[in-house]
Structure formats: structure tokens, C-alpha cells
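Coordinates from data-v2.cif are shown below (mmCIF, C-alpha atoms and all ligand atoms).
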data_start
loop_
_atom_site.label_atom_id
_atom_site.label_comp_id
_atom_site.auth_asym_id
_atom_site.auth_seq_id
_atom_site.Cartn_x
_atom_site.Cartn_y
_atom_site.Cartn_z
CA MET A 1 107.49 124.31 129.30
CA PRO A 2 106.61 128.01 129.66
CA ALA A 3 105.24 129.52 126.46
CA SER A 4 107.59 132.48 126.92
CA GLN A 5 110.70 130.37 126.30
CA PRO A 6 111.68 129.40 122.75
CA LEU A 7 111.49 125.65 122.21
CA ARG A 8 114.84 123.91 121.76
CA ILE A 9 114.53 121.95 118.53
CA ALA A 10 116.90 119.17 117.48
CA LEU A 11 117.32 118.35 113.81
CA MET A 12 117.92 114.71 112.83
CA GLY A 13 119.22 114.72 109.27
CA ALA A 14 120.60 117.94 107.79
CA GLY A 15 120.25 117.18 104.10
CA ALA A 16 118.07 119.00 101.57
CA MET A 17 114.88 118.84 103.63
CA GLY A 18 116.57 119.24 107.00
CA ARG A 19 118.02 122.53 105.77
CA GLN A 20 114.57 123.73 104.77
CA HIS A 21 113.43 122.93 108.31
CA GLN A 22 116.42 124.82 109.73
CA ALA A 23 115.40 127.88 107.68
CA THR A 24 111.83 127.53 108.94
CA ILE A 25 113.01 127.31 112.57
CA ALA A 26 115.15 130.41 112.03
CA ARG A 27 112.05 132.37 110.94
CA GLN A 28 110.09 131.40 114.05
CA PRO A 29 110.78 133.40 117.24
CA ASP A 30 109.17 130.74 119.46
CA ALA A 31 111.84 128.16 118.66
CA ALA A 32 115.57 127.77 118.20
CA LEU A 33 117.70 125.02 116.73
CA CYS A 34 119.67 123.44 119.60
CA ALA A 35 121.66 120.68 117.87
CA ILE A 36 122.02 118.57 114.74
CA ALA A 37 122.48 114.81 114.42
CA ASP A 38 123.79 113.64 111.08
CA PRO A 39 126.46 111.00 110.41
CA GLY A 40 127.52 112.75 107.21
CA ASP A 41 130.31 115.29 106.94
CA GLY A 42 127.92 117.71 105.25
CA GLY A 43 125.65 117.68 108.28
CA GLN A 44 128.60 118.17 110.62
CA ALA A 45 129.83 121.14 108.58
CA PHE A 46 126.33 122.64 108.53
CA ALA A 47 126.13 122.44 112.33
CA ALA A 48 129.53 124.13 112.61
CA GLU A 49 128.38 126.86 110.23
CA LEU A 50 125.33 127.49 112.42
CA GLY A 51 127.31 127.22 115.65
CA VAL A 52 125.19 124.44 117.17
CA PRO A 53 126.43 121.16 118.68
CA ALA A 54 126.84 118.35 116.16
CA TYR A 55 126.32 114.64 116.76
CA ARG A 56 126.70 111.75 114.37
CA ASP A 57 124.22 109.61 116.29
CA PRO A 58 120.66 110.78 117.12
CA HIS A 59 120.71 108.71 120.37
CA ALA A 60 123.72 110.66 121.60
CA LEU A 61 121.97 113.93 120.77
CA LEU A 62 118.79 112.96 122.61
CA ALA A 63 120.74 111.87 125.69
CA ALA A 64 123.05 114.88 125.83
CA GLU A 65 120.79 117.72 124.72
CA ARG A 66 117.37 116.68 126.00
CA PRO A 67 115.65 118.86 123.37
CA ASP A 68 112.06 120.05 123.75
CA ALA A 69 111.25 118.61 120.33
CA ALA A 70 112.88 117.06 117.27
CA ILE A 71 112.48 117.12 113.52
CA ILE A 72 113.29 113.86 111.76
CA ALA A 73 114.46 114.54 108.21
CA THR A 74 116.52 111.41 107.67
CA PRO A 75 116.17 108.99 104.72
CA ASN A 76 112.75 107.31 104.60
CA ALA A 77 113.86 103.97 106.06
CA LEU A 78 115.08 105.67 109.26
CA HIS A 79 111.86 107.54 110.12
CA VAL A 80 110.24 104.84 112.24
CA ALA A 81 113.41 104.15 114.25
CA GLY A 82 113.88 107.88 114.80
CA ALA A 83 110.29 108.31 115.91
CA LEU A 84 110.52 105.34 118.31
CA ASP A 85 113.69 106.86 119.81
CA CYS A 86 111.90 110.17 120.32
CA LEU A 87 108.93 108.43 121.93
CA ALA A 88 111.28 106.56 124.28
CA ALA A 89 112.95 109.85 125.22
CA GLY A 90 109.59 111.63 125.60
CA VAL A 91 110.57 114.12 122.86
CA PRO A 92 107.73 115.25 120.55
CA ALA A 93 108.72 114.88 116.92
CA LEU A 94 107.85 116.14 113.48
CA ILE A 95 108.56 113.16 111.23
CA GLU A 96 109.12 113.81 107.55
CA LYS A 97 106.93 111.91 105.14
CA PRO A 98 106.55 109.08 104.38
CA VAL A 99 105.93 108.06 107.99
CA GLY A 100 107.82 104.85 107.15
CA VAL A 101 108.55 102.52 104.30
CA SER A 102 106.74 99.27 105.15
CA LEU A 103 103.30 98.90 106.67
CA GLU A 104 104.70 96.44 109.21
CA GLU A 105 107.19 98.88 110.72
CA VAL A 106 104.62 101.65 110.67
CA ALA A 107 102.06 99.43 112.41
CA ALA A 108 104.57 99.00 115.25
CA LEU A 109 104.95 102.78 115.46
CA VAL A 110 101.18 103.34 115.45
CA THR A 111 100.84 100.88 118.32
CA ALA A 112 103.69 102.47 120.27
CA ALA A 113 102.35 105.99 119.70
CA ARG A 114 98.86 105.00 120.86
CA GLY A 115 100.11 104.17 124.32
CA HIS A 116 102.18 107.34 124.63
CA SER A 117 101.45 110.90 125.64
CA THR A 118 104.34 112.25 123.52
CA PRO A 119 102.83 113.72 120.34
CA LEU A 120 104.08 112.93 116.83
CA LEU A 121 103.25 115.03 113.78
CA VAL A 122 103.94 113.77 110.25
CA GLY A 123 105.31 116.24 107.71
CA HIS A 124 102.55 116.22 105.14
CA HIS A 125 103.00 119.96 105.01
CA ARG A 126 100.65 120.53 102.08
CA ARG A 127 97.73 120.00 104.46
CA HIS A 128 98.82 123.25 106.14
CA ASN A 129 98.60 125.23 102.92
CA PRO A 130 95.85 127.89 103.21
CA LEU A 131 94.52 127.06 99.77
CA ILE A 132 93.93 123.48 100.81
CA GLY A 133 92.01 124.79 103.81
CA ARG A 134 89.85 126.88 101.46
CA ALA A 135 89.29 123.93 99.13
CA ARG A 136 88.14 121.83 102.08
CA GLU A 137 85.68 124.53 103.07
CA LEU A 138 84.23 124.63 99.56
CA LEU A 139 83.87 120.85 99.56
CA ALA A 140 82.36 120.78 103.05
CA ASP A 141 79.90 123.49 102.03
CA GLY A 142 78.73 121.21 99.22
CA VAL A 143 79.62 123.70 96.48
CA LEU A 144 80.58 120.85 94.13
CA GLY A 145 77.50 118.76 95.00
CA GLU A 146 78.25 115.03 94.94
CA LEU A 147 81.88 114.48 94.01
CA THR A 148 82.03 112.43 90.80
CA ASN A 149 85.60 112.55 89.43
CA VAL A 150 89.03 113.39 90.81
CA THR A 151 91.88 113.90 88.35
CA ALA A 152 95.37 114.35 89.77
CA LEU A 153 98.60 114.91 87.87
CA TRP A 154 102.21 114.78 89.04
CA GLN A 155 104.46 114.93 86.03
CA LEU A 156 107.89 116.50 86.20
CA HIS A 157 111.51 115.69 85.55
CA LYS A 158 113.93 114.84 88.33
CA PRO A 159 117.56 115.49 87.38
CA ASP A 160 119.96 112.54 87.38
CA ASP A 161 121.99 114.00 90.25
CA TYR A 162 118.91 113.71 92.49
CA PHE A 163 119.66 109.98 92.50
CA ALA A 164 123.29 110.41 93.59
CA ALA A 165 122.48 109.73 97.27
CA PRO A 166 122.60 105.91 97.52
CA TRP A 167 119.47 105.72 99.71
CA ARG A 168 117.41 107.29 96.94
CA ARG A 169 118.16 104.34 94.62
CA THR A 170 116.78 101.67 96.93
CA PRO A 171 113.23 100.28 97.21
CA GLY A 172 110.95 102.41 99.36
CA ASN A 173 112.50 105.65 98.18
CA GLY A 174 111.05 106.13 94.71
CA MET A 175 108.35 108.41 93.41
CA LEU A 176 105.52 106.54 95.13
CA HIS A 177 106.94 106.78 98.66
CA THR A 178 108.63 110.14 98.31
CA ASN A 179 106.33 112.16 96.06
CA LEU A 180 102.97 110.57 95.35
CA ILE A 181 102.52 109.99 99.06
CA HIS A 182 101.92 113.78 99.18
CA ASP A 183 99.31 113.68 96.44
CA LEU A 184 97.51 110.65 97.83
CA ASP A 185 97.52 112.25 101.27
CA LEU A 186 96.01 115.46 99.91
CA LEU A 187 93.39 113.52 97.95
CA ARG A 188 92.40 111.74 101.18
CA HIS A 189 92.40 115.02 103.06
CA LEU A 190 90.23 116.73 100.44
CA CYS A 191 88.01 113.98 99.12
CA GLY A 192 87.86 111.38 101.88
CA GLU A 193 89.15 107.84 102.24
CA ILE A 194 90.29 105.86 99.21
CA ILE A 195 89.03 102.31 99.51
CA GLU A 196 90.24 100.62 96.33
CA VAL A 197 93.01 101.15 93.79
CA GLN A 198 94.03 99.80 90.41
CA ALA A 199 97.53 100.48 89.17
CA MET A 200 99.75 100.22 86.15
CA THR A 201 103.37 101.05 86.89
CA SER A 202 106.52 101.26 84.79
CA GLN A 203 110.18 101.44 85.74
CA ARG A 204 111.59 101.24 82.22
CA LEU A 205 113.12 104.74 81.94
CA ARG A 206 115.32 104.96 85.02
CA GLY A 207 116.00 101.28 85.60
CA LEU A 208 115.74 101.75 89.36
CA PRO A 209 113.99 99.22 91.63
CA TYR A 210 110.76 101.22 91.74
CA ALA A 211 108.30 102.88 89.40
CA ASP A 212 109.18 106.09 87.55
CA THR A 213 105.79 106.31 85.82
CA VAL A 214 102.35 105.26 87.09
CA ALA A 215 98.69 105.41 86.15
CA LEU A 216 96.44 104.81 89.16
CA THR A 217 92.68 104.46 89.40
CA LEU A 218 91.09 105.28 92.74
CA ARG A 219 87.70 104.55 94.30
CA PHE A 220 86.75 106.86 97.16
CA ALA A 221 84.53 105.81 100.05
CA SER A 222 82.07 108.48 98.88
CA GLY A 223 81.66 106.65 95.58
CA ALA A 224 83.68 109.16 93.57
CA LEU A 225 86.27 107.78 91.16
CA GLY A 226 89.70 109.23 90.51
CA THR A 227 92.97 108.91 88.68
CA LEU A 228 96.52 109.89 89.50
CA ASN A 229 98.78 109.96 86.46
CA ALA A 230 102.41 110.55 87.36
CA SER A 231 105.99 110.38 86.20
CA ASP A 232 109.28 111.74 87.47
CA THR A 233 110.79 111.51 83.99
CA ALA A 234 108.28 113.75 82.18
CA SER A 235 109.01 117.21 80.81
CA ALA A 236 105.62 118.62 81.74
CA PRO A 237 104.20 121.49 83.83
CA TRP A 238 101.55 119.50 85.77
CA SER A 239 102.56 118.99 89.38
CA TRP A 240 101.92 120.55 92.78
CA GLU A 241 105.54 121.66 92.89
CA LEU A 242 105.38 123.70 89.68
CA ALA A 243 101.86 125.01 90.19
CA SER A 244 101.52 125.80 93.89
CA GLY A 245 104.33 128.28 94.54
CA GLU A 246 105.11 126.52 97.82
CA ASN A 247 108.81 126.11 97.12
CA SER A 248 110.75 128.76 95.24
CA ALA A 249 113.34 126.18 94.14
CA TYR A 250 110.85 125.18 91.42
CA PRO A 251 110.03 127.45 88.47
CA GLN A 252 106.37 128.34 88.58
CA GLN A 253 103.63 127.42 86.12
CA PRO A 254 100.85 129.08 88.10
CA ASP A 255 98.25 128.74 85.35
CA GLN A 256 98.50 124.95 85.16
CA PRO A 257 96.27 122.91 87.50
CA CYS A 258 97.35 119.60 89.01
CA TYR A 259 94.10 118.51 90.71
CA LEU A 260 90.69 118.68 89.05
CA LEU A 261 87.74 117.89 91.32
CA ALA A 262 84.39 117.52 89.58
CA GLY A 263 80.99 117.17 91.19
CA THR A 264 77.34 117.25 90.24
CA THR A 265 77.03 121.03 90.77
CA GLY A 266 80.53 122.38 90.22
CA ALA A 267 84.20 121.73 89.63
CA LEU A 268 87.34 122.98 91.27
CA ALA A 269 90.82 123.27 89.73
CA LEU A 270 93.74 123.34 92.19
CA PRO A 271 95.97 124.91 93.21
CA GLN A 272 94.36 127.88 91.44
CA LEU A 273 91.11 127.43 93.41
CA ARG A 274 89.30 128.02 90.14
CA LEU A 275 85.66 127.17 90.68
CA TRP A 276 83.48 126.27 87.70
CA ARG A 277 79.68 126.30 87.91
CA TYR A 278 76.66 126.71 85.70
CA ALA A 279 75.00 130.09 86.13
CA ASP A 280 71.65 128.29 86.05
CA GLU A 281 70.72 124.61 85.98
CA PRO A 282 73.54 122.20 84.98
CA HIS A 283 73.14 121.49 81.28
CA TRP A 284 75.80 120.53 78.77
CA HIS A 285 74.62 123.25 76.36
CA ALA A 286 74.76 126.00 79.01
CA PRO A 287 77.91 128.06 79.60
CA LEU A 288 79.96 127.35 82.70
CA VAL A 289 81.23 130.41 84.58
CA ASP A 290 84.36 130.42 86.67
CA GLU A 291 85.80 132.39 89.54
CA ALA A 292 89.17 132.12 91.27
CA VAL A 293 90.62 133.11 94.61
CA THR A 294 94.30 132.46 95.22
CA PRO A 295 95.46 132.77 98.80
CA ASP A 296 99.16 132.96 99.60
CA ALA A 297 100.55 129.50 99.04
CA SER A 298 104.10 130.09 100.17
CA THR A 299 103.57 129.57 103.87
CA ALA A 300 102.84 125.85 104.21
CA LEU A 301 106.14 124.92 105.93
CA ASP A 302 105.93 127.92 108.29
CA ARG A 303 102.34 127.10 109.14
CA GLN A 304 103.26 123.44 109.68
CA PHE A 305 106.05 124.46 112.05
CA ALA A 306 103.84 126.91 113.95
CA HIS A 307 101.34 124.07 114.31
CA PHE A 308 104.12 121.78 115.55
CA ILE A 309 105.03 124.30 118.25
CA ALA A 310 101.39 124.38 119.34
CA VAL A 311 101.36 120.55 119.40
CA VAL A 312 104.55 120.44 121.50
CA ARG A 313 103.10 122.98 123.94
CA GLY A 314 99.94 120.89 124.26
CA GLU A 315 97.79 123.56 122.63
CA ALA A 316 96.78 121.55 119.56
CA LEU A 317 96.41 117.95 118.44
CA PRO A 318 98.53 116.90 115.44
CA LEU A 319 96.74 117.74 112.19
CA ILE A 320 98.17 114.48 110.89
CA GLY A 321 99.45 111.93 113.38
CA VAL A 322 101.16 108.64 112.65
CA GLU A 323 97.94 106.62 112.28
CA ASP A 324 96.48 109.01 109.72
CA ALA A 325 99.81 109.10 107.84
CA ALA A 326 99.96 105.31 108.02
CA ARG A 327 96.61 105.18 106.21
CA THR A 328 98.17 107.19 103.39
CA LEU A 329 101.14 104.80 103.32
CA ALA A 330 98.66 101.91 103.15
CA LEU A 331 97.61 103.28 99.76
CA ILE A 332 101.16 102.98 98.44
CA ASP A 333 101.18 99.38 99.65
CA ALA A 334 97.84 98.79 97.89
CA VAL A 335 99.16 100.37 94.68
CA GLU A 336 102.21 98.08 94.71
CA ARG A 337 100.03 95.01 95.27
CA ALA A 338 97.60 96.07 92.56
CA ALA A 339 100.42 96.63 90.06
CA ALA A 340 102.07 93.30 90.89
CA ARG A 341 98.85 91.28 90.64
CA GLY A 342 97.17 93.18 87.84
CA ARG A 343 93.92 93.57 89.73
CA THR A 344 92.34 95.98 92.16
CA SER A 345 93.54 96.10 95.77
CA GLN A 346 92.13 97.50 98.97
CA PRO A 347 94.38 99.21 101.53
CA HIS A 348 95.16 97.11 104.64
CA TYR A 349 95.51 98.69 108.07
CA PRO A 350 97.39 96.00 110.05
CA TRP A 351 97.34 98.02 113.29
CA GLU A 352 93.54 97.64 113.30
CA ALA A 353 93.70 93.82 113.23
N1 LIG B 401 108.01 117.43 102.91
C1 LIG B 401 108.62 117.50 101.73
O1 LIG B 401 108.14 118.15 100.80
C2 LIG B 401 109.92 116.81 101.54
C3 LIG B 401 110.80 117.23 100.54
C4 LIG B 401 112.01 116.56 100.39
C5 LIG B 401 112.33 115.51 101.23
N2 LIG B 401 111.45 115.12 102.18
C6 LIG B 401 111.75 113.98 103.05
O2 LIG B 401 112.84 114.34 103.88
C7 LIG B 401 113.67 113.20 104.12
C8 LIG B 401 115.10 113.55 103.77
O3 LIG B 401 115.16 113.83 102.40
P1 LIG B 401 116.33 114.74 101.84
O4 LIG B 401 115.93 115.08 100.46
O5 LIG B 401 116.66 115.80 102.80
O6 LIG B 401 117.52 113.67 101.78
P2 LIG B 401 119.08 113.98 101.86
O7 LIG B 401 119.78 112.76 101.38
O8 LIG B 401 119.36 115.28 101.20
O9 LIG B 401 119.35 114.17 103.43
C9 LIG B 401 119.27 113.12 104.36
C10 LIG B 401 120.24 113.45 105.48
O10 LIG B 401 120.07 112.49 106.52
C11 LIG B 401 121.37 112.16 107.01
N3 LIG B 401 121.32 110.89 107.73
C12 LIG B 401 121.51 109.62 107.26
N4 LIG B 401 121.40 108.76 108.28
C13 LIG B 401 121.14 109.46 109.40
C14 LIG B 401 120.94 109.12 110.76
N5 LIG B 401 120.95 107.85 111.17
N6 LIG B 401 120.69 110.11 111.64
C15 LIG B 401 120.66 111.40 111.26
N7 LIG B 401 120.87 111.79 109.97
C16 LIG B 401 121.09 110.82 109.06
C17 LIG B 401 122.23 112.15 105.76
O11 LIG B 401 123.62 112.23 106.08
C18 LIG B 401 121.70 113.36 105.03
O12 LIG B 401 122.39 114.54 105.41
C19 LIG B 401 113.09 112.07 103.28
O13 LIG B 401 112.32 111.23 104.10
C20 LIG B 401 112.20 112.76 102.27
O14 LIG B 401 111.09 111.98 101.90
C21 LIG B 401 110.27 115.76 102.36
#
For this file, produce the structure as C-alpha cells.
Ligand SMILES: NC(=O)c1ccc[n+]([C@@H]2O[C@H](COP(=O)([O-])OP(=O)(O)OC[C@H]3O[C@@H](n4cnc5c(N)ncnc54)[C@H](O)[C@@H]3O)[C@@H](O)[C@H]2O)c1
Amino acid sequence: MPASQPLRIALMGAGAMGRQHQATIARQPDAALCAIADPGDGGQAFAAELGVPAYRDPHALLAAERPDAAIIATPNALHVAGALDCLAAGVPALIEKPVGVSLEEVAALVTAARGHSTPLLVGHHRRHNPLIGRARELLADGVLGELTNVTALWQLHKPDDYFAAPWRRTPGNGMLHTNLIHDLDLLRHLCGEIIEVQAMTSQRLRGLPYADTVALTLRFASGALGTLNASDTASAPWSWELASGENSAYPQQPDQPCYLLAGTTGALALPQLRLWRYADEPHWHAPLVDEAVTPDASTALDRQFAHFIAVVRGEALPLIGVEDAARTLALIDAVERAAARGRTSQPHYPWEA
């Protein structure tokens, strides 16, 4: 389609995240929301408020509107079906994370997407954050030397009403699939592939059919070791949400890091981009000096959407396609196996078999 015309974007799922996408579309002159599909009355009312056509069924929307692209912000278990529908209709899609719930369904999507020219982007929007780009540059430049340890924290307190939506109380929709998928994806993006995990998980505080607290140990392909220590029932300031400034819905604790990357010649605290190094040779009696640069962190969703437009127009390849996102999901699967068996697990990639 001509670059001069705004892309007609359909929104599948107009809940909390879908509305953030609508706001992002509204800020972008190269695109316009053309319709909403949502079976819920809230989604229908939102479409009426915006003055765009409303559908209860995404198939009906795709057939009637023939959008240039779609954003899939439905509950996790509907992502794969939505993406397959978009592929069948030849409509490029931005699929919210996680790319799916089970590795089996995602393997089918990876296989389908491979044989298709219609691009799919997965909504791991943190990869689009400029500070992550800067951190990757520092790592690629070897500023930290050989990576030794990765420490990641995601500890905050979800309110009880977050769990009011029935889909959020079912397996595949807990902290691992919905939240830690972001952190594991960023750790892969920053530090390389994770090849082995050990996991202790607990679901004692919420009594829901998934973990509310986890302690994970990670082995990276580079040889570095890491931990991710997380809970959605903790009153604590250590999480990407509270530290990064990406989403103004969260109060900010900008001085508190959530990722600590240590290497033989330096260490980096994120999201502050605080770099620690010895002024001279590394020595435990010598003082470490630090410096910090903090680029604007509030633009990740806008940058993701601008990237999506470029992908739809054929000007860029997806920064994270379904296969890459499936590799992140494979870590959740490995964590669940490790926790169930009480021993280390390696991620499986069934689409490679
Ligand atoms: N990228 C992020 O940081 C981020 C943040 C929050 C949520 N999410 C993801 O966004 C997705 C939605 O989460 P949410 O918090 O908006 O949930 P939500 O419950 O607030 O909204 C989901 C919406 O989907 C609608 N829906 C249900 N079935 C549908 C169907 N078949 N077709 C179209 N719409 C349908 C529901 O009626 C509801 O309006 C989840 O996959 C979640 O993981 C991503």
C-alpha cells in the first residue's frame, strides 16, 4: 500500500492492553484504527465511543473490513488462533505476548508462519526501549568483558481485582506467562540464549493454578549464570514496571535497579544504565567508579508501533517474530518442567524437530 496513506489497523481485544494500543495508534499519523473486534460489552462500548465499527467476532471483522494490519490483544489462549486467522487473511499482525500458551500450539504457528509472506511481530515491547538498545551496544562493545552473573528481579504486588477477569485465573495466564515472559525475553535479548534452568515455584499465597512466587536459576549459552527472583504478591520496589518509567500507571522507583549484569571488566545496573568499572585493574581492594546515562524510557510502545508500521509496509523485518518469541515461551515450559521434577531442564523447540 502507498506509504502516503495511513494504515487501517484493526484491534482484536479492547481490554486494558488493547486500549493502550488504541492510544498508541492515535498518536501515530501513519495509521488509524479502523475497527474493533471484542465479544465483551466493554469492547463494544469502547468502539462506539471512538466511532469505529464494532464486531464481536474477529473473523467477521477480517472479512468485512479487510484491514491493512491487526493488533491481537486478546487473552493469552486466543493469540495463536488470532494469528492463524490473520495469516489466512493475509493481514500482518502484532500479537501481544506471550505468543501462545503451550509450546505445541506455538509450534504449529511457527510452522504456518514460516511458509507465509505475511509478517507477524510479537509484542515484546521492551526490546524497543532505547535504553535496552544502549545496553546491547555496551554488551556488544565488550564493556563488561566476559559476562559472569545476571541477577533479575520482578517483585511487585498485583491487586486482587486484577484477577477478576476469569481468564486470568486459569493455567497459562499467571505471572510466568504474562509477566516473567517479558523478563526472560529481555535476558535472552541482552545476554544471549538460555540453555538450562532450575526452578523453585510456589503458589501458596494466591491459591491459583499457577505460581505467584518463583526463584529461577539460569545457564546462558555464553557460560554466564543468572537468577530471576520474582513474586506478584510482594510489596517491593524491584521490577521493570516500577523502575523503567515505561508505563505511567505505575508509581516510579527510578533509583531501584531490576537487572544487574556483571562481567569480568564491568557491571551494568538496569534500567538506570549505571555502569560500574574499576578505574585501573580489577581488584577487590580498588574502588569501583560508576557512570549513568538514562535515555527516555517512555517511548517503547510508540517505537514498537512505528516498527510495526515499517514491518507492514515491507520496510523492516520483525524485531521479534513468532519463532524468536516461541524460544522465550520455551523457557517458561522448561521452568515448569524443572519445578515439577525438581531438577534442571533444557528448553525444547519442537518446531525444530
Ligand atoms: N505488552 C504488555 O506489557 C502487556 C501488558 C498487559 C497485557 N498484555 C497482554 O495483552 C493481552 C490482553 O491482556 P489485557 O490485560 O488487556 O486483558 P483484558 O482482560 O483486560 O482484555 C482482554 C479483552 O479481550 C476480549 N476478548 C476475549 N475474547 C475475545 C475474542 N475472541 N476476540 C476478541 N476479543 C476478545 C475481552 O472481552 C477483553 O476486552 C494478554 O495476552 C496480556 O498478556 C501485554
Could you list, as a compact mmCIF listing (two decimals) with C-alpha atoms, keeping the file's coordinate frame, every residue within 8 Å of Asp57 in chain A, counting only C-alpha atoms and ignoring same-chain residues fewer than 2 positions away?
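Below is the file that was written, part-v1.txt:
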# COMPACT_ATOMS: atom_id res chain seq x y z
CA ALA A 37 122.48 114.81 114.42
CA ASP A 38 123.79 113.64 111.08
CA PRO A 39 126.46 111.00 110.41
CA TYR A 55 126.32 114.64 116.76
CA HIS A 59 120.71 108.71 120.37
CA ALA A 60 123.72 110.66 121.60
CA LEU A 61 121.97 113.93 120.77
Contacts of Gln256 in chain A at 9 Å (only C-alpha atoms; same-chain gap of 6+ positions) as a CSV table (one decimal) with C-alpha atoms, in the frame of the given file:
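out-v5.csv written:
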chain,number,residue,atom,x,y,z
A,237,PRO,CA,104.2,121.5,83.8
A,238,TRP,CA,101.6,119.5,85.8
A,239,SER,CA,102.6,119.0,89.4
A,242,LEU,CA,105.4,123.7,89.7
A,243,ALA,CA,101.9,125.0,90.2
A,270,LEU,CA,93.7,123.3,92.2
A,271,PRO,CA,96.0,124.9,93.2
A,272,GLN,CA,94.4,127.9,91.4
I'd like the neighbourhood of Pro209 in chain A as a list in words, where a residue qualifies if any of its atoms comes within 8 Å (using all atoms listed in the file), though same-chain residues fewer than 6 positions away should be ignored. Arg169, Thr170, Pro171 and Gln203 of chain A
Please find the residues contacting ligand LIG 401 (chain B) at a distance of at most 9 Å between atoms, with only C-alpha atoms and all ligand atoms counted, and report them as JSON, numbers by chain. {"A": [11, 12, 13, 14, 15, 16, 17, 18, 19, 20, 36, 37, 38, 39, 40, 41, 42, 43, 44, 55, 56, 57, 58, 59, 72, 73, 74, 75, 76, 77, 78, 79, 81, 82, 95, 96, 97, 98, 99, 100, 123, 124, 125, 126, 162, 164, 165, 166, 167, 168, 173, 177, 178, 179, 182, 247, 301]}
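Separating CA of Gly321 in chain A from CA of Leu121 in chain A is a distance of 4.9 Å.
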What does the structure give for the distance between CA of Thr213 in chain A and CA of Ser248 in chain A, in Å to one decimal?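 We find that CA of Thr213 in chain A and CA of Ser248 in chain A lie 24.8 Å from each other.
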Provide the CA of Leu261 in chain A to CA of Ala292 in chain A distance in Å, to one decimal place. 14.3 Å
Please provide as a PyMOL selection string all residues within 10 Å of range 216-227 of chain A, with the sequence filter that same-chain residues fewer than 5 positions apart are discarded (counting all atoms listed in the file). chain A and resi 146-153+184+187-188+191-201+259-263+331+335+338-339+344-346
Might you pull out every residue within 10 Å of Asp302 in chain A, with all atoms listed in the file counted and same-chain residues fewer than 2 positions away left off, and present them as a VMD selection string? chain A and resid 21 23 to 25 27 to 28 125 128 to 129 298 to 300 304 to 308
Written selection (C-alpha atoms) as an mmCIF file, in the coordinates of the input:
data_model
loop_
_atom_site.group_PDB
_atom_site.id
_atom_site.type_symbol
_atom_site.label_atom_id
_atom_site.label_comp_id
_atom_site.auth_asym_id
_atom_site.auth_seq_id
_atom_site.Cartn_x
_atom_site.Cartn_y
_atom_site.Cartn_z
ATOM 1 C CA HIS A 21 113.430 122.930 108.310
ATOM 2 C CA ALA A 23 115.400 127.880 107.680
ATOM 3 C CA THR A 24 111.830 127.530 108.940
ATOM 4 C CA ILE A 25 113.010 127.310 112.570
ATOM 5 C CA ARG A 27 112.050 132.370 110.940
ATOM 6 C CA GLN A 28 110.090 131.400 114.050
ATOM 7 C CA HIS A 125 103.000 119.960 105.010
ATOM 8 C CA HIS A 128 98.820 123.250 106.140
ATOM 9 C CA ASN A 129 98.600 125.230 102.920
ATOM 10 C CA SER A 298 104.100 130.090 100.170
ATOM 11 C CA THR A 299 103.570 129.570 103.870
ATOM 12 C CA ALA A 300 102.840 125.850 104.210
ATOM 13 C CA GLN A 304 103.260 123.440 109.680
ATOM 14 C CA PHE A 305 106.050 124.460 112.050
ATOM 15 C CA ALA A 306 103.840 126.910 113.950
ATOM 16 C CA HIS A 307 101.340 124.070 114.310
ATOM 17 C CA PHE A 308 104.120 121.780 115.550
#
Hey, which of A:Thr118, A:Ser102, A:Thr265, A:Ser235 ends up closest to Ala330 in chain A? Count all atoms listed in the file.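 Smallest separation from Ala330 in chain A among the options: A:Ser102.
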Pick the closest to Val80 in chain A from A:Val312, A:Leu120, A:Leu50, A:Ala215: which is it, counting all atoms listed in the file?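 Smallest distance to Val80 in chain A is found for A:Leu120.
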